[in-house]
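Student: Structure file structure_2.cif, mmCIF, C-alpha atoms, is pasted below:
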```
data_input
loop_
_atom_site.group_PDB
_atom_site.id
_atom_site.type_symbol
_atom_site.label_atom_id
_atom_site.label_comp_id
_atom_site.auth_asym_id
_atom_site.auth_seq_id
_atom_site.Cartn_x
_atom_site.Cartn_y
_atom_site.Cartn_z
ATOM 1 C CA MET L 227 -5.420 29.329 55.967
ATOM 2 C CA ALA L 228 -5.246 26.169 58.088
ATOM 3 C CA LEU L 229 -2.213 24.083 58.871
ATOM 4 C CA ILE L 230 -2.101 20.819 56.984
ATOM 5 C CA ASP L 231 -2.109 17.623 58.976
ATOM 6 C CA LEU L 232 0.717 16.142 56.911
ATOM 7 C CA ALA L 233 0.272 12.602 58.224
ATOM 8 C CA ALA L 234 -3.432 12.663 57.425
ATOM 9 C CA LEU L 235 -2.793 14.084 53.970
ATOM 10 C CA THR L 236 -0.148 11.475 53.139
ATOM 11 C CA GLU L 237 -2.510 8.738 54.280
ATOM 12 C CA ALA L 238 -5.324 10.190 52.179
ATOM 13 C CA VAL L 239 -3.129 10.433 49.064
ATOM 14 C CA TYR L 240 -2.030 6.826 49.570
ATOM 15 C CA GLN L 241 -5.420 5.349 50.417
ATOM 16 C CA ARG L 242 -6.993 7.020 47.420
ATOM 17 C CA LEU L 243 -5.285 4.400 45.253
ATOM 18 C CA LYS L 244 -4.929 1.654 47.857
ATOM 19 C CA SER L 245 -8.497 1.324 49.105
ATOM 20 C CA ASP L 246 -10.842 4.207 48.194
ATOM 21 C CA ALA L 247 -13.692 3.624 45.780
ATOM 22 C CA ALA L 248 -12.241 6.316 43.509
ATOM 23 C CA GLY L 249 -9.182 4.142 42.963
ATOM 24 C CA LEU L 250 -11.134 1.002 42.110
ATOM 25 C CA ALA L 251 -10.627 1.247 38.350
ATOM 26 C CA LEU L 252 -6.868 1.390 38.868
ATOM 27 C CA ARG L 253 -6.860 -1.543 41.301
ATOM 28 C CA ASN L 254 -8.996 -3.610 38.953
ATOM 29 C CA TRP L 255 -6.545 -2.889 36.153
ATOM 30 C CA LEU L 256 -3.505 -3.995 38.176
ATOM 31 C CA PRO L 257 -2.895 -7.781 38.128
ATOM 32 C CA SER L 258 -2.056 -7.698 41.846
ATOM 33 C CA GLY L 259 -4.742 -5.154 42.719
ATOM 34 C CA ALA L 260 -4.202 -3.315 46.014
ATOM 35 C CA ASP L 261 -1.124 -5.448 46.772
ATOM 36 C CA ALA L 262 0.727 -3.597 43.996
ATOM 37 C CA ILE L 263 0.179 -0.214 45.652
ATOM 38 C CA LEU L 264 3.106 0.343 47.992
ATOM 39 C CA LEU L 265 5.033 2.986 49.870
ATOM 40 C CA ALA L 266 8.482 4.015 48.616
ATOM 41 C CA GLU L 267 10.266 2.335 51.508
ATOM 42 C CA ASP L 268 8.740 -0.997 50.454
ATOM 43 C CA VAL L 269 10.813 -1.117 47.262
ATOM 44 C CA ARG L 270 14.116 -0.049 48.781
ATOM 45 C CA VAL L 271 17.080 -2.117 49.776
ATOM 46 C CA GLU L 272 15.875 -2.662 53.300
ATOM 47 C CA GLY L 273 12.408 -3.540 52.013
ATOM 48 C CA LEU L 274 11.285 -6.247 49.649
ATOM 49 C CA THR L 275 13.631 -7.659 47.021
ATOM 50 C CA VAL L 276 12.439 -7.583 43.419
ATOM 51 C CA LEU L 277 11.541 -11.272 43.585
ATOM 52 C CA GLU L 278 9.355 -10.617 46.589
ATOM 53 C CA LEU L 279 7.559 -7.681 45.051
ATOM 54 C CA PRO L 280 3.998 -8.208 43.822
ATOM 55 C CA GLU L 281 3.306 -8.935 40.181
ATOM 56 C CA ARG L 282 3.988 -5.849 38.102
ATOM 57 C CA PRO L 283 2.973 -3.186 37.272
ATOM 58 C CA LEU L 284 3.302 -1.756 40.743
ATOM 59 C CA LEU L 285 3.305 1.717 42.236
ATOM 60 C CA ALA L 286 5.189 3.212 45.179
ATOM 61 C CA LEU L 287 4.336 6.523 46.835
ATOM 62 C CA ARG L 288 6.968 8.959 48.087
ATOM 63 C CA ARG L 289 6.272 12.299 49.755
ATOM 64 C CA GLY L 290 8.713 14.993 48.776
ATOM 65 C CA SER L 291 9.201 18.345 50.409
ATOM 66 C CA ALA L 292 6.312 20.339 51.840
ATOM 67 C CA PRO L 293 7.535 23.939 51.839
ATOM 68 C CA GLN L 294 6.432 26.578 54.249
ATOM 69 C CA LEU L 295 4.757 29.800 53.205
ATOM 70 C CA ASP L 296 3.597 32.378 55.732
ATOM 71 C CA ARG L 297 4.280 29.916 58.552
ATOM 72 C CA ILE L 298 1.943 27.389 56.964
ATOM 73 C CA VAL L 299 3.166 24.126 55.500
ATOM 74 C CA THR L 300 1.667 24.070 52.067
ATOM 75 C CA GLN L 301 1.931 22.440 48.676
ATOM 76 C CA PRO L 302 3.470 19.122 49.600
ATOM 77 C CA ILE L 303 4.536 17.165 46.555
ATOM 78 C CA TYR L 304 3.753 13.480 46.172
ATOM 79 C CA THR L 305 5.336 11.211 43.608
ATOM 80 C CA TRP L 306 4.091 7.856 42.428
ATOM 81 C CA TYR L 307 6.950 5.727 41.112
ATOM 82 C CA CYS L 308 5.539 3.183 38.667
ATOM 83 C CA TYR L 309 7.382 -0.016 37.735
ATOM 84 C CA ASP L 310 7.043 -2.836 35.229
ATOM 85 C CA ASP L 311 9.200 -5.714 34.022
ATOM 86 C CA PRO L 312 11.717 -4.983 31.243
ATOM 87 C CA ASP L 313 10.358 -7.730 28.958
ATOM 88 C CA VAL L 314 6.908 -6.126 29.043
ATOM 89 C CA GLY L 315 8.062 -2.718 27.894
ATOM 90 C CA TYR L 316 6.461 0.619 28.703
ATOM 91 C CA GLY L 317 2.997 -0.030 27.263
ATOM 92 C CA ARG L 318 1.289 -0.734 30.568
ATOM 93 C CA LEU L 319 3.160 2.025 32.390
ATOM 94 C CA GLU L 320 1.875 4.520 29.845
ATOM 95 C CA GLN L 321 -1.672 3.756 30.948
ATOM 96 C CA LEU L 322 -1.046 4.566 34.590
ATOM 97 C CA PRO L 323 -1.035 8.406 34.574
ATOM 98 C CA TYR L 324 -4.602 8.499 33.263
ATOM 99 C CA LEU L 325 -5.798 5.935 35.797
ATOM 100 C CA ILE L 326 -4.095 7.878 38.603
ATOM 101 C CA TRP L 327 -5.634 11.121 37.387
ATOM 102 C CA GLN L 328 -9.079 9.474 37.376
ATOM 103 C CA ALA L 329 -8.614 8.386 40.975
ATOM 104 C CA TYR L 330 -7.790 11.915 42.156
ATOM 105 C CA GLU L 331 -10.192 13.754 39.854
ATOM 106 C CA SER L 332 -12.821 14.218 42.560
ATOM 107 C CA GLY L 333 -10.335 15.962 44.871
ATOM 108 C CA LEU L 334 -9.437 15.225 48.481
ATOM 109 C CA ILE L 335 -10.744 16.577 51.754
ATOM 110 C CA VAL L 336 -8.492 16.048 54.771
ATOM 111 C CA GLY L 337 -10.247 17.008 57.972
ATOM 112 C CA THR L 338 -11.654 20.432 57.273
ATOM 113 C CA VAL L 339 -9.048 21.244 54.656
ATOM 114 C CA GLY L 340 -9.887 20.815 50.996
ATOM 115 C CA VAL L 341 -6.949 19.868 48.825
ATOM 116 C CA GLY L 342 -7.181 21.599 45.505
ATOM 117 C CA SER L 343 -5.076 21.677 42.393
ATOM 118 C CA ILE L 344 -4.180 18.023 42.292
ATOM 119 C CA GLU L 345 -2.128 17.595 39.173
ATOM 120 C CA VAL L 346 -0.841 14.425 37.598
ATOM 121 C CA ALA L 347 2.142 14.639 35.273
ATOM 122 C CA ALA L 348 4.182 11.891 33.641
ATOM 123 C CA GLY L 349 7.965 11.817 33.643
ATOM 124 C CA ALA L 350 10.125 10.254 30.977
ATOM 125 C CA GLN L 351 10.411 6.521 30.429
ATOM 126 C CA THR L 352 13.461 5.329 32.259
ATOM 127 C CA ARG L 353 15.049 2.270 33.839
ATOM 128 C CA ASP L 354 15.711 1.735 37.516
ATOM 129 C CA VAL L 355 19.054 -0.039 37.442
ATOM 130 C CA SER L 356 19.068 -0.845 41.143
ATOM 131 C CA LEU L 357 15.699 -2.620 40.928
ATOM 132 C CA GLY L 358 16.158 -3.995 37.418
ATOM 133 C CA LEU L 359 12.727 -2.718 36.412
ATOM 134 C CA LEU L 360 11.361 -0.225 33.945
ATOM 135 C CA GLN L 361 10.245 2.959 35.582
ATOM 136 C CA MET L 362 7.993 5.873 34.923
ATOM 137 C CA ILE L 363 7.423 8.611 37.427
ATOM 138 C CA THR L 364 4.162 10.410 37.887
ATOM 139 C CA VAL L 365 3.915 13.452 40.080
ATOM 140 C CA THR L 366 0.870 14.347 42.060
ATOM 141 C CA ILE L 367 0.836 17.756 43.653
ATOM 142 C CA GLY L 368 -1.598 18.640 46.388
ATOM 143 C CA ALA L 369 -1.962 22.359 46.869
ATOM 144 C CA VAL L 370 -3.968 23.609 49.838
ATOM 145 C CA MET Q 134 3.347 50.727 22.786
ATOM 146 C CA LEU Q 135 5.249 47.543 21.906
ATOM 147 C CA ALA Q 136 8.552 49.308 22.543
ATOM 148 C CA ASN Q 137 7.286 50.432 25.951
ATOM 149 C CA TRP Q 138 6.217 46.886 26.754
ATOM 150 C CA ARG Q 139 9.649 45.549 25.813
ATOM 151 C CA ARG Q 140 11.306 48.189 27.989
ATOM 152 C CA LEU Q 141 9.027 47.212 30.886
ATOM 153 C CA THR Q 142 9.741 43.471 30.601
ATOM 154 C CA ARG Q 143 13.469 44.092 30.184
ATOM 155 C CA GLY Q 144 13.423 46.385 33.197
ATOM 156 C CA THR Q 145 11.498 43.852 35.251
ATOM 157 C CA LEU Q 146 13.956 41.094 34.413
ATOM 158 C CA GLN Q 147 16.864 43.329 35.395
ATOM 159 C CA ALA Q 148 15.086 44.246 38.615
ATOM 160 C CA ILE Q 149 14.413 40.664 39.689
ATOM 161 C CA ARG Q 150 17.817 39.298 38.703
ATOM 162 C CA PRO Q 151 19.440 40.005 42.121
ATOM 163 C CA GLY Q 152 16.447 38.357 43.812
ATOM 164 C CA MET Q 153 16.701 35.332 41.550
ATOM 165 C CA GLU Q 154 20.396 35.046 42.336
ATOM 166 C CA ALA Q 155 19.632 35.222 46.055
ATOM 167 C CA GLY Q 156 16.958 32.554 45.530
ATOM 168 C CA ALA Q 157 19.402 30.380 43.612
ATOM 169 C CA ASP Q 158 21.830 30.650 46.532
ATOM 170 C CA LEU Q 159 19.116 29.467 48.954
ATOM 171 C CA ILE Q 160 18.293 26.514 46.716
ATOM 172 C CA GLU Q 161 21.950 25.576 46.226
ATOM 173 C CA VAL Q 162 22.690 25.689 49.955
ATOM 174 C CA ALA Q 163 19.700 23.455 50.700
ATOM 175 C CA ALA Q 164 20.596 20.986 47.947
ATOM 176 C CA ALA Q 165 24.260 20.780 48.971
ATOM 177 C CA ALA Q 166 23.298 20.235 52.609
ATOM 178 C CA THR Q 167 20.968 17.336 51.876
ATOM 179 C CA THR Q 168 21.195 14.146 53.907
ATOM 180 C CA ALA Q 169 19.295 12.172 51.256
ATOM 181 C CA TYR Q 170 22.511 10.486 50.105
ATOM 182 C CA ARG Q 171 25.848 9.848 51.743
ATOM 183 C CA GLY Q 172 28.142 10.210 48.729
ATOM 184 C CA MET Q 173 31.373 8.409 47.930
ATOM 185 C CA SER Q 174 33.697 10.720 46.025
ATOM 186 C CA GLY Q 175 32.251 14.006 47.245
ATOM 187 C CA ALA Q 176 31.691 15.048 43.624
ATOM 188 C CA THR Q 177 27.906 15.327 43.797
ATOM 189 C CA ARG Q 178 27.868 17.567 46.847
ATOM 190 C CA ALA Q 179 30.812 19.711 45.746
ATOM 191 C CA SER Q 180 29.429 20.301 42.254
ATOM 192 C CA THR Q 181 25.771 20.848 43.142
ATOM 193 C CA ILE Q 182 24.961 24.208 41.632
ATOM 194 C CA ALA Q 183 22.015 26.570 41.267
ATOM 195 C CA TYR Q 184 22.361 29.588 39.000
ATOM 196 C CA VAL Q 185 20.343 32.078 37.008
ATOM 197 C CA ALA Q 186 20.160 31.817 33.240
ATOM 198 C CA ASP Q 187 18.625 34.318 30.863
ATOM 199 C CA MET Q 188 18.956 35.291 27.218
ATOM 200 C CA SER Q 189 22.119 37.293 27.710
ATOM 201 C CA ASP Q 190 23.818 34.933 30.171
ATOM 202 C CA ARG Q 191 22.853 31.269 30.201
ATOM 203 C CA GLY Q 192 25.220 30.490 33.052
ATOM 204 C CA ASP Q 193 27.848 28.590 31.068
ATOM 205 C CA SER Q 194 30.705 29.790 33.272
ATOM 206 C CA GLU Q 195 28.951 28.562 36.439
ATOM 207 C CA ILE Q 196 28.168 25.124 35.062
ATOM 208 C CA VAL Q 197 31.637 24.719 33.569
ATOM 209 C CA ALA Q 198 33.197 25.554 36.945
ATOM 210 C CA ALA Q 199 30.951 22.970 38.638
ATOM 211 C CA TYR Q 200 31.847 20.428 35.936
ATOM 212 C CA ASN Q 201 35.550 21.010 36.554
ATOM 213 C CA THR Q 202 34.998 20.458 40.276
ATOM 214 C CA ALA Q 203 33.223 17.156 39.646
ATOM 215 C CA ALA Q 204 35.793 16.057 37.054
ATOM 216 C CA GLY Q 205 38.649 16.783 39.432
ATOM 217 C CA LEU Q 206 37.122 14.718 42.215
ATOM 218 C CA LEU Q 207 36.160 11.810 39.953
ATOM 219 C CA GLN Q 208 39.351 11.686 37.886
ATOM 220 C CA SER Q 209 41.176 9.234 40.098
ATOM 221 C CA PHE Q 210 38.215 7.951 42.092
ATOM 222 C CA GLN Q 211 37.834 4.157 41.879
ATOM 223 C CA GLY Q 212 34.696 3.612 43.978
ATOM 224 C CA HIS Q 213 32.250 3.741 41.035
ATOM 225 C CA GLU Q 214 32.321 4.360 37.286
ATOM 226 C CA GLY Q 215 30.384 7.625 37.292
ATOM 227 C CA GLN Q 216 31.933 10.559 35.472
ATOM 228 C CA ALA Q 217 31.479 14.287 35.202
ATOM 229 C CA HIS Q 218 29.101 15.285 32.426
ATOM 230 C CA LEU Q 219 28.829 18.744 30.959
ATOM 231 C CA GLY Q 220 25.238 19.477 29.993
ATOM 232 C CA LEU Q 221 24.865 23.090 28.954
ATOM 233 C CA VAL Q 222 21.401 24.570 29.310
ATOM 234 C CA ARG Q 223 20.148 25.898 25.999
ATOM 235 C CA GLY Q 224 18.880 29.012 27.724
ATOM 236 C CA PRO Q 225 15.486 30.625 28.109
ATOM 237 C CA GLY Q 226 13.701 32.595 25.442
ATOM 238 C CA ALA Q 227 13.176 36.328 25.256
ATOM 239 C CA ASN Q 228 11.950 37.958 28.461
ATOM 240 C CA GLN Q 229 12.484 34.786 30.461
ATOM 241 C CA ALA Q 230 14.886 33.845 33.204
ATOM 242 C CA TRP Q 231 15.401 30.504 34.891
ATOM 243 C CA ILE Q 232 16.918 29.238 38.075
ATOM 244 C CA VAL Q 233 18.767 26.056 37.125
ATOM 245 C CA LEU Q 234 19.608 23.487 39.818
ATOM 246 C CA THR Q 235 21.789 20.617 38.671
ATOM 247 C CA VAL Q 236 24.782 18.384 39.242
ATOM 248 C CA PRO Q 237 27.146 17.929 36.261
ATOM 249 C CA THR Q 238 27.635 14.167 36.473
ATOM 250 C CA ASP Q 239 26.381 11.283 34.335
ATOM 251 C CA TYR Q 240 24.755 9.542 37.300
ATOM 252 C CA ILE Q 241 22.677 12.323 38.811
ATOM 253 C CA ILE Q 242 19.503 11.078 37.076
ATOM 254 C CA SER Q 243 19.969 7.654 38.673
ATOM 255 C CA LEU Q 244 20.560 9.258 42.042
ATOM 256 C CA GLU Q 245 17.359 11.235 41.653
ATOM 257 C CA THR Q 246 15.110 8.417 40.483
ATOM 258 C CA GLU Q 247 16.314 4.986 41.559
ATOM 259 C CA ALA Q 248 14.550 2.892 44.195
ATOM 260 C CA ALA Q 249 11.514 5.160 44.289
ATOM 261 C CA GLY Q 250 13.619 8.246 44.898
ATOM 262 C CA GLU Q 251 15.581 6.850 47.817
ATOM 263 C CA LYS Q 252 18.428 9.348 47.292
ATOM 264 C CA ALA Q 253 16.501 12.063 45.477
ATOM 265 C CA PHE Q 254 17.235 15.626 46.521
ATOM 266 C CA LEU Q 255 17.172 18.001 43.539
ATOM 267 C CA ALA Q 256 13.403 18.230 43.089
ATOM 268 C CA ASP Q 257 12.882 18.281 46.845
ATOM 269 C CA SER Q 258 15.369 21.123 47.334
ATOM 270 C CA LEU Q 259 13.910 23.129 44.487
ATOM 271 C CA HIS Q 260 10.327 22.647 45.624
ATOM 272 C CA GLY Q 261 11.180 23.117 49.271
ATOM 273 C CA GLN Q 262 12.987 26.418 48.765
ATOM 274 C CA ALA Q 263 10.656 27.767 46.074
ATOM 275 C CA PRO Q 264 8.571 29.974 48.420
ATOM 276 C CA ALA Q 265 11.703 31.526 49.977
ATOM 277 C CA ALA Q 266 13.252 32.044 46.544
ATOM 278 C CA PHE Q 267 10.062 33.697 45.353
ATOM 279 C CA GLN Q 268 10.073 36.002 48.376
ATOM 280 C CA ALA Q 269 13.655 37.001 47.548
ATOM 281 C CA LEU Q 270 12.586 37.771 44.006
ATOM 282 C CA VAL Q 271 9.641 39.896 45.175
ATOM 283 C CA SER Q 272 11.860 41.798 47.615
ATOM 284 C CA SER Q 273 14.272 42.503 44.805
ATOM 285 C CA LEU Q 274 11.474 43.837 42.624
ATOM 286 C CA ARG Q 275 10.100 46.036 45.421
ATOM 287 C CA GLY Q 276 13.557 47.422 46.106
ATOM 288 C CA ALA Q 277 14.037 48.320 42.471
ATOM 289 C CA TRP Q 278 10.707 50.088 42.111
ATOM 290 C CA HIS Q 279 10.805 52.146 45.314
#
```
What does the file become when written as structure tokens?

Tutor:
Amino acid sequence: MALIDLAALTEAVYQRLKSDAAGLALRNWLPSGADAILLAEDVRVEGLTVLELPERPLLALRRGSAPQLDRIVTQPIYTWYCYDDPDVGYGRLEQLPYLIWQAYESGLIVGTVGVGSIEVAAGAQTRDVSLGLLQMITVTIGAV
Amino acid sequence: MLANWRRLTRGTLQAIRPGMEAGADLIEVAAAATTAYRGMSGATRASTIAYVADMSDRGDSEIVAAYNTAAGLLQSFQGHEGQAHLGLVRGPGANQAWIVLTVPTDYIISLETEAAGEKAFLADSLHGQAPAAFQALVSSLRGAWH
């Protein structure tokens, strides 16, 4: 079992939606295209304000914990936070999990490490009070 | 044969229970030590709890104790409007046991999800400690069967 290059994996997970051909259908569907695909820190207090954010829907990627097993960092968990405007409702957000799944369907290879078991799951519809936007969370898990 | 199977699953659950409790302790320690949020009243950190629930014991006493801790700290706190919230877990089905990690307040969901998970820590702690918790469970099972 090889050690994951965490930085390379995070970049690969992000670029899959941001610029890879496999994420083209998703980018074409988003009104702001690649501009609406962000990192989590971009939507936080020190980042852009809601007015400065791209036209919604938009997505922000956050890497969660990457636990260690047998001295190998494995199974990092990545979460896409998806946002839309309250007056639009959840209709467009509901379409995002499938588009995200399509983008990752072909798998990822990072260096010489193949990333298997990429799963996309949808969380409940909710509201992000601090951003004033509707929110739905999708979870993408990369198991090596 | 069915009776033997039931005895086996019951015995396995009893055997892994100490390991699950050790795993829950690992998860709780990690979650309570998080630096993901700073906290205002101290209620979230003090009432963060991980416990084992099964058919015979769904952990009500643990969660009620954590709720009382949060309620005590928030009772006279003026910094925000969040309150303690008692959400009892319905409990697993037959031959199942869970490790529950939670905070008994009405704002924990916001803490976990707002601003693209800026202050999230529950899922991270659970996922991060899962391999160690699983090892504790396996050790418990080995100890019981040797």

Student: How many Å lie between CA of Gln351 (chain L) and CA of Val314 (chain L), rounded to one decimal?

Tutor: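 Pair CA of Gln351 (chain L) / CA of Val314 (chain L) returns 13.2 Å.
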
Student: I'd like the interatomic distance between CA of Gln321 (chain L) and CA of Val365 (chain L), to a tenth of an Å.

Tutor: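 So the two atoms, CA of Gln321 (chain L) and CA of Val365 (chain L), lie 14.4 Å apart.
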
Student: Do you know which residues the PyMOL selection byres ((chain Q and resi 263-276) around 6) returns on this file, as a ChimeraX atom specification?

Tutor: /Q:148-149,152-153,156,259-262,277-279

Student: Using only C-alpha atoms, please write the residues we just selected to a file, as a PDB file, keeping the file's coordinate frame.

Tutor:
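See part_12.pdb below for the written result:
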```pdb
ATOM      1  CA  ALA Q 148      15.086  44.246  38.615  1.00  0.00           C
ATOM      2  CA  ILE Q 149      14.413  40.664  39.689  1.00  0.00           C
ATOM      3  CA  GLY Q 152      16.447  38.357  43.812  1.00  0.00           C
ATOM      4  CA  MET Q 153      16.701  35.332  41.550  1.00  0.00           C
ATOM      5  CA  GLY Q 156      16.958  32.554  45.530  1.00  0.00           C
ATOM      6  CA  LEU Q 259      13.910  23.129  44.487  1.00  0.00           C
ATOM      7  CA  HIS Q 260      10.327  22.647  45.624  1.00  0.00           C
ATOM      8  CA  GLY Q 261      11.180  23.117  49.271  1.00  0.00           C
ATOM      9  CA  GLN Q 262      12.987  26.418  48.765  1.00  0.00           C
ATOM     10  CA  ALA Q 277      14.037  48.320  42.471  1.00  0.00           C
ATOM     11  CA  TRP Q 278      10.707  50.088  42.111  1.00  0.00           C
ATOM     12  CA  HIS Q 279      10.805  52.146  45.314  1.00  0.00           C
TER      13      HIS Q 279
END
```

Student: Running the PyMOL selection byres ((chain Q) within 6 of (chain L)) on this model by hand, what would come out? Give it as a list in words.

Tutor: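 Going through the file, the PyMOL selection byres ((chain Q) within 6 of (chain L)) ends up selecting Glu247, Ala248, Ala249, Asp257 and Gly261 of chain Q.
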
Student: Run through the PyMOL selection byres ((chain L and resi 329) around 12) on the given coordinates and return the selected residues as a PDB file with C-alpha atoms, in the coordinates of the input.

Tutor:
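After the write, result_25.pdb holds the following:
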```
ATOM      1  CA  ALA L 238      -5.324  10.190  52.179  1.00  0.00           C
ATOM      2  CA  VAL L 239      -3.129  10.433  49.064  1.00  0.00           C
ATOM      3  CA  TYR L 240      -2.030   6.826  49.570  1.00  0.00           C
ATOM      4  CA  GLN L 241      -5.420   5.349  50.417  1.00  0.00           C
ATOM      5  CA  ARG L 242      -6.993   7.020  47.420  1.00  0.00           C
ATOM      6  CA  LEU L 243      -5.285   4.400  45.253  1.00  0.00           C
ATOM      7  CA  LYS L 244      -4.929   1.654  47.857  1.00  0.00           C
ATOM      8  CA  SER L 245      -8.497   1.324  49.105  1.00  0.00           C
ATOM      9  CA  ASP L 246     -10.842   4.207  48.194  1.00  0.00           C
ATOM     10  CA  ALA L 247     -13.692   3.624  45.780  1.00  0.00           C
ATOM     11  CA  ALA L 248     -12.241   6.316  43.509  1.00  0.00           C
ATOM     12  CA  GLY L 249      -9.182   4.142  42.963  1.00  0.00           C
ATOM     13  CA  LEU L 250     -11.134   1.002  42.110  1.00  0.00           C
ATOM     14  CA  ALA L 251     -10.627   1.247  38.350  1.00  0.00           C
ATOM     15  CA  LEU L 252      -6.868   1.390  38.868  1.00  0.00           C
ATOM     16  CA  ARG L 253      -6.860  -1.543  41.301  1.00  0.00           C
ATOM     17  CA  LEU L 322      -1.046   4.566  34.590  1.00  0.00           C
ATOM     18  CA  PRO L 323      -1.035   8.406  34.574  1.00  0.00           C
ATOM     19  CA  TYR L 324      -4.602   8.499  33.263  1.00  0.00           C
ATOM     20  CA  LEU L 325      -5.798   5.935  35.797  1.00  0.00           C
ATOM     21  CA  ILE L 326      -4.095   7.878  38.603  1.00  0.00           C
ATOM     22  CA  TRP L 327      -5.634  11.121  37.387  1.00  0.00           C
ATOM     23  CA  GLN L 328      -9.079   9.474  37.376  1.00  0.00           C
ATOM     24  CA  TYR L 330      -7.790  11.915  42.156  1.00  0.00           C
ATOM     25  CA  GLU L 331     -10.192  13.754  39.854  1.00  0.00           C
ATOM     26  CA  SER L 332     -12.821  14.218  42.560  1.00  0.00           C
ATOM     27  CA  GLY L 333     -10.335  15.962  44.871  1.00  0.00           C
ATOM     28  CA  LEU L 334      -9.437  15.225  48.481  1.00  0.00           C
ATOM     29  CA  ILE L 344      -4.180  18.023  42.292  1.00  0.00           C
ATOM     30  CA  GLU L 345      -2.128  17.595  39.173  1.00  0.00           C
ATOM     31  CA  VAL L 346      -0.841  14.425  37.598  1.00  0.00           C
ATOM     32  CA  THR L 366       0.870  14.347  42.060  1.00  0.00           C
TER      33      THR L 366
END
```

Student: Which value, in Å to one decimal, gives the distance between CA of Ala347 (chain L) and CA of Ala166 (chain Q)?

Tutor: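 Separation of CA of Ala347 (chain L) and CA of Ala166 (chain Q): 27.9 Å.
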
Student: Please check which residues have atoms at most 12 Å from (35.0, 14.0, 33.0) in the file's coordinates, counting only C-alpha atoms, and write them as a PDB file with C-alpha atoms, in the frame of the given file.

Tutor:
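Output below, filename point-v7.pdb:
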```pdb
ATOM      1  CA  ALA Q 176      31.691  15.048  43.624  1.00  0.00           C
ATOM      2  CA  VAL Q 197      31.637  24.719  33.569  1.00  0.00           C
ATOM      3  CA  ALA Q 199      30.951  22.970  38.638  1.00  0.00           C
ATOM      4  CA  TYR Q 200      31.847  20.428  35.936  1.00  0.00           C
ATOM      5  CA  ASN Q 201      35.550  21.010  36.554  1.00  0.00           C
ATOM      6  CA  THR Q 202      34.998  20.458  40.276  1.00  0.00           C
ATOM      7  CA  ALA Q 203      33.223  17.156  39.646  1.00  0.00           C
ATOM      8  CA  ALA Q 204      35.793  16.057  37.054  1.00  0.00           C
ATOM      9  CA  GLY Q 205      38.649  16.783  39.432  1.00  0.00           C
ATOM     10  CA  LEU Q 206      37.122  14.718  42.215  1.00  0.00           C
ATOM     11  CA  LEU Q 207      36.160  11.810  39.953  1.00  0.00           C
ATOM     12  CA  GLN Q 208      39.351  11.686  37.886  1.00  0.00           C
ATOM     13  CA  SER Q 209      41.176   9.234  40.098  1.00  0.00           C
ATOM     14  CA  PHE Q 210      38.215   7.951  42.092  1.00  0.00           C
ATOM     15  CA  GLU Q 214      32.321   4.360  37.286  1.00  0.00           C
ATOM     16  CA  GLY Q 215      30.384   7.625  37.292  1.00  0.00           C
ATOM     17  CA  GLN Q 216      31.933  10.559  35.472  1.00  0.00           C
ATOM     18  CA  ALA Q 217      31.479  14.287  35.202  1.00  0.00           C
ATOM     19  CA  HIS Q 218      29.101  15.285  32.426  1.00  0.00           C
ATOM     20  CA  LEU Q 219      28.829  18.744  30.959  1.00  0.00           C
ATOM     21  CA  GLY Q 220      25.238  19.477  29.993  1.00  0.00           C
ATOM     22  CA  PRO Q 237      27.146  17.929  36.261  1.00  0.00           C
ATOM     23  CA  THR Q 238      27.635  14.167  36.473  1.00  0.00           C
ATOM     24  CA  ASP Q 239      26.381  11.283  34.335  1.00  0.00           C
ATOM     25  CA  TYR Q 240      24.755   9.542  37.300  1.00  0.00           C
TER      26      TYR Q 240
END
```
